[in-house]
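Contents: one structure, followed by commentary.
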Amino acid sequence: MTLIFGRSLCNCAEPTYQGKSASEWLDTWGTNTEGADAAFKAMGTNALPFLIETLERKPSKLAEAADKQRAAHPESIPEIINKILPAAYPVEIRRDTAAFLLGELGPLAEAAIPTLFRICCDTNENDRVQGQAWRALAKMGEKGAVLVPDYLRWLKGNDPELQETGAAFLGTVGPKARVAMPELLKAADGTNKSLARAAALALWSIDRRTNVALRILTRGLQSTNSTWRQIALIDLRKMGPAAAEAAPQIELFLRDPDDLIRVHAEQALAEIAPDLLVSSQQRMNQDSKAQIAKLIEMMREGEYPKRYRAVEAIGVFGPAAKAAVPALVEALEGFVPATGFLASTSKRNSQMVVAEALAEIGPEARSAVPGLIARLRENSGYEQWFCKALGRIGPDAREAVPVLENLLQDGRPGIRFAAAEALTRIVPTQCSNAVTVLKTLQHDPELARVWLSDGHGGATQSNKFDFDNPESQFFRLAASVPLWRLGIEKQSPVPALITELHNDANPLSTEDLRYIELLGDVGPKAAPALPILTKYLDVNKWIKLRRTTANTIRKISPEEAAKLNLPGVLAIP
């Protein structure tokens, strides 16, 4: 049982899980979130009394005053006094976590509704705790019907913010809030746009008033405000196929100049009218020559953000974008915003994405070789991207060999690898030095060295080594790809690369991008990876991740890429 200032966190009989009390699991939530979540899920409703009492137990006034003094005079309070004084912060953290966990229980936490509602209405409540209480209350579903009179009172009031909140929470109750329909219909036809939207969504949730919801929500699509257009697309997506009538309007936004609008439009169509999304992407692919020409024009004449986005998009066409090579060669000089103190960084970033586009075009980008060599000689820190582009161009980049050979001695492992990998593509029969570097990187102790925290935000090198850490593991697998391609390693790297994608808990991580790209380097023999790769094309994923995946699928199987309607919307800048 956890003790705070001489008394337990909870006076109720606490449930346990794996020999630990609910208090102990609550206190470990910040450092062992997965384990604590599993514990409270297993304890279920048995943990309700504990969580409710934890939420109700506010810190003392003395604790709040002590925290203010600590914040105002962090160095002046003696440590012995600091230990004796109570603290409000840890109590509020526990309350915040308890409210969150009640929300995770949803309708099963019905007994907590009075406490949650009281906290939501308390103007003196801690902001974080109150925010989690609102979230938990919204998850109570039809069990929240006991609060319908309160929500309706808010809706009928004169405070616009409370009116909107009342409408939104009536929607969370669902059909059991039908008594509020007349007031919601009145609000939906009012002049307050935010309230009308909340009322329309509530009417959809309570009584599936499709016509009303579509009439109100599609107004946002006509707004000149991009935020309102995004909100409208998000709201319509929630309606799913019931919003099919709005699908043609939504389709138009797939080509919107605002990339966030495009993403939301794609996500909405995927839920509302997936067949229309497919046919729209097919039409985009049939018009790829015109799209490439448009991107070339943007690269040459647009302002910095548009030029940058055009270069990012051109790469998904691969060798089909060879007409863009002259414009990309020009762009290798770098383009920058008209103003801004980050002009030099912006220039280097633009050179990097140009190099990535040239790499995807491959041998057809041979005219870029002199410019890429010039960039390598600038020692900008972006050498690995220029190396990659030269390597993908292949034997026609032979004049870069001396520069790449020099980079094999670079102190940065990423650049050594990029130079060595490029040499295996450009001069595969004359790359013994590159092979040596690749083999060394597979077992480099510096990549495996363990760094220990110094307790002050820094870290120091230790004498310990961990060859399974992410960086060491990546270089071991990355080096195996060109070595396998050369026939030096006999075992295909594909199974190990697939395993890494299966094991990665974070689907947006840099490691994913790197491993996906390596599968593309393997080419057609990486076909077993196609099933797992398709999940990274999901409309809810990061655009960079999706484009990298599209490129990889194209290299593995152009037929599969065509079947998946790639690049489709990914080619829109």
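So you can find residues: chains in the structure tokens are A, B, ... in the order shown, residues in each start at 1, and ligands are numbered from 1 in order.
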Could you go through stretch 280-523 of chain A and tell me which residues DSSP, when run on the backbone, assigns to alpha helix (DSSP H), listing them as JSON, numbers by chain?
{"A": [280, 281, 282, 283, 284, 285, 286, 288, 289, 290, 291, 292, 293, 294, 295, 296, 297, 298, 299, 300, 301, 304, 305, 306, 307, 308, 309, 310, 311, 312, 313, 314, 325, 326, 327, 328, 329, 330, 331, 343, 344, 345, 346, 347, 348, 349, 350, 351, 352, 353, 354, 355, 356, 357, 358, 359, 360, 361, 369, 370, 371, 372, 373, 374, 375, 376, 383, 384, 385, 386, 387, 388, 389, 390, 391, 392, 393, 401, 402, 403, 404, 405, 406, 407, 413, 414, 415, 416, 417, 418, 419, 420, 421, 422, 423, 424, 425, 426, 432, 433, 434, 435, 436, 437, 438, 439, 440, 441, 442, 445, 446, 447, 448, 470, 471, 472, 473, 474, 475, 476, 477, 478, 479, 480, 481, 482, 483, 484, 485, 494, 495, 496, 497, 498, 499, 500, 501, 502, 503, 510, 511, 512, 513, 514, 515, 516, 517, 518, 519, 520, 521, 522]}
For the interface of stretch 476-526 of chain A with stretch 385-398 of chain A (cut-off 12 Å, counting only C-alpha atoms), please tabulate each contacting residue of stretch 476-526 of chain A alongside its nearest pair of atoms and their separation in Å to one decimal, rows sorted by chain and increasing number, as a Markdown table.
```
| residue | atom | partner | partner_atom | distance |
| --- | --- | --- | --- | --- |
| A:Pro482 | CA | A:Gly391 | CA | 11.2 |
| A:Glu517 | CA | A:Lys388 | CA | 11.4 |
| A:Leu518 | CA | A:Lys388 | CA | 11.9 |
| A:Gly520 | CA | A:Arg392 | CA | 11.6 |
| A:Asp521 | CA | A:Arg392 | CA | 9.3 |
```
Filtering to N, CA, C and O atoms, could you give me those residues as an mmCIF file, in the first residue's frame?
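Wrote again-v1.cif, looks like this:
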```cif
data_model
loop_
_atom_site.group_PDB
_atom_site.id
_atom_site.type_symbol
_atom_site.label_atom_id
_atom_site.label_comp_id
_atom_site.auth_asym_id
_atom_site.auth_seq_id
_atom_site.Cartn_x
_atom_site.Cartn_y
_atom_site.Cartn_z
ATOM 1 N N PRO A 482 23.626 -4.830 -49.473
ATOM 2 C CA PRO A 482 24.576 -4.795 -50.601
ATOM 3 C C PRO A 482 25.515 -6.007 -50.610
ATOM 4 O O PRO A 482 25.891 -6.469 -51.695
ATOM 5 N N GLU A 517 12.858 1.108 -46.826
ATOM 6 C CA GLU A 517 13.700 1.485 -47.965
ATOM 7 C C GLU A 517 14.679 0.370 -48.320
ATOM 8 O O GLU A 517 14.952 0.112 -49.494
ATOM 9 N N LEU A 518 15.200 -0.307 -47.303
ATOM 10 C CA LEU A 518 16.122 -1.424 -47.562
ATOM 11 C C LEU A 518 15.432 -2.544 -48.333
ATOM 12 O O LEU A 518 16.035 -3.184 -49.203
ATOM 13 N N GLY A 520 13.162 -2.104 -50.506
ATOM 14 C CA GLY A 520 13.142 -1.626 -51.880
ATOM 15 C C GLY A 520 14.477 -1.857 -52.564
ATOM 16 O O GLY A 520 14.534 -2.173 -53.757
ATOM 17 N N ASP A 521 15.572 -1.713 -51.811
ATOM 18 C CA ASP A 521 16.901 -1.956 -52.368
ATOM 19 C C ASP A 521 17.080 -3.426 -52.767
ATOM 20 O O ASP A 521 17.825 -3.742 -53.691
#
```
Please identify all polymer residues within 7 Å of stretch 176-182 of chain A, counting only C-alpha atoms, omitting same-chain residues fewer than 5 positions from it, and present them as a PyMOL selection string.
chain A and resi 142+145+148+152+170+203+206
Could those selected residues go to a file with C-alpha atoms, as a short mmCIF file (atom, residue, chain, number, x, y, z; two decimals), in the first residue's frame?
```
data_model
loop_
_atom_site.label_atom_id
_atom_site.label_comp_id
_atom_site.auth_asym_id
_atom_site.auth_seq_id
_atom_site.Cartn_x
_atom_site.Cartn_y
_atom_site.Cartn_z
CA GLU A 142 -25.86 5.86 -22.70
CA ALA A 145 -28.33 9.64 -19.60
CA VAL A 148 -29.18 14.74 -19.88
CA LEU A 152 -29.99 20.24 -21.87
CA LEU A 170 -25.93 15.10 -25.51
CA LEU A 203 -28.69 14.79 -33.92
CA ILE A 206 -29.09 10.43 -31.23
#
```
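Shortest atom-to-atom contact with A:Pro175 among A:Ser205, A:Pro59, A:Glu161, A:Met352: A:Ser205, counting only C-alpha atoms.
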Between A:Leu477, A:Ala200, A:Ala368, A:Ile77, which has the minimum distance to A:Ser492 (counting only C-alpha atoms)?
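Checking each of A:Leu477, A:Ala200, A:Ala368, A:Ile77 against A:Ser492, counting only C-alpha atoms, the winner is A:Leu477.
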Quick one: residues within 10 Å of A:Glu330, only C-alpha atoms, excluding same-chain residues fewer than 4 positions away - as a ChimeraX atom specification?
/A:299-300,325-326,334-335,354,368,371
Got time to write the residues from that selection, C-alpha atoms, as an mmCIF file, in the first residue's frame?
```cif
data_model
loop_
_atom_site.group_PDB
_atom_site.id
_atom_site.type_symbol
_atom_site.label_atom_id
_atom_site.label_comp_id
_atom_site.auth_asym_id
_atom_site.auth_seq_id
_atom_site.Cartn_x
_atom_site.Cartn_y
_atom_site.Cartn_z
ATOM 1 C CA MET A 299 9.671 23.375 -59.034
ATOM 2 C CA ARG A 300 10.781 26.134 -61.365
ATOM 3 C CA VAL A 325 15.633 15.569 -64.262
ATOM 4 C CA PRO A 326 16.711 18.933 -65.850
ATOM 5 C CA GLY A 334 19.170 24.694 -53.528
ATOM 6 C CA PHE A 335 16.231 27.023 -53.176
ATOM 7 C CA VAL A 354 16.117 16.794 -54.603
ATOM 8 C CA ALA A 368 22.759 15.059 -62.294
ATOM 9 C CA GLY A 371 25.898 18.445 -59.459
#
```
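Interatomic distance, atom CA of A:Phe100 to atom CA of A:Lys58: 16.0 Å.
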Show me, as a ChimeraX atom specification, the residues that have an atom within 10 Å of A:Glu333 when counting only C-alpha atoms, minus same-chain residues fewer than 4 positions from it.
/A:328-329,347-348,350-351,354,371-372,374-375
Selected residues, C-alpha atoms, written as a PDB file, in the first residue's frame, please.
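Generated output (again-v3.pdb):
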```pdb
ATOM      1  CA  LEU A 328      15.941  18.700 -60.477  1.00  0.00           C
ATOM      2  CA  VAL A 329      19.519  19.365 -61.637  1.00  0.00           C
ATOM      3  CA  LYS A 347      18.655  25.375 -48.775  1.00  0.00           C
ATOM      4  CA  ARG A 348      20.339  22.184 -47.545  1.00  0.00           C
ATOM      5  CA  SER A 350      15.831  21.342 -50.399  1.00  0.00           C
ATOM      6  CA  GLN A 351      19.049  19.817 -51.776  1.00  0.00           C
ATOM      7  CA  VAL A 354      16.117  16.794 -54.603  1.00  0.00           C
ATOM      8  CA  GLY A 371      25.898  18.445 -59.459  1.00  0.00           C
ATOM      9  CA  LEU A 372      25.745  15.607 -56.935  1.00  0.00           C
ATOM     10  CA  ALA A 374      29.715  19.163 -56.232  1.00  0.00           C
ATOM     11  CA  ARG A 375      27.310  18.789 -53.307  1.00  0.00           C
TER      12      ARG A 375
END
```
When you count only C-alpha atoms, which of these residues is closest to A:Arg425: A:Thr224, A:Leu564, A:Leu483, A:Thr460?
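Ranked by minimum distance to A:Arg425, first place goes to A:Leu483.
Every protein, DNA or RNA residue with an atom at most 9 Å from A:Ile543, where only C-alpha atoms count and chain neighbours fewer than 6 positions away do not, is listed here: Val263, Leu537 and Leu570 of chain A.
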Excluding A:Phe40 and any residue of its chain fewer than 5 positions from it, enumerate the residues within 12 Å of it, using only C-alpha atoms, and give them as a PyMOL selection string.
chain A and resi 14-18+20-26+28-29+33-35+45-48+50-51+97-98+100-105
Test item, strand (DSSP E) assignment across stretch 388-508 of chain A, answer as JSON, numbers by chain
{"A": [449, 450, 451, 452, 453, 459, 460, 461, 462, 463, 464, 465]}
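Nearest to A:Leu62 of all the residues A:Phe169, A:Glu364, A:Gly44, A:Leu85 is A:Leu85, based on only C-alpha atoms.
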With distances taken over only C-alpha atoms, which residue among A:Glu297, A:Asp258, A:Glu421, A:Glu92 lies nearest A:Ala323?
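Checking each candidate against A:Ala323, we get A:Glu297 as the closest.
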Which residue out of A:Val146, A:Leu358, A:Ala550, A:Ile415 has the minimum interatomic distance to A:Asn379 when only C-alpha atoms are used?
A:Ile415
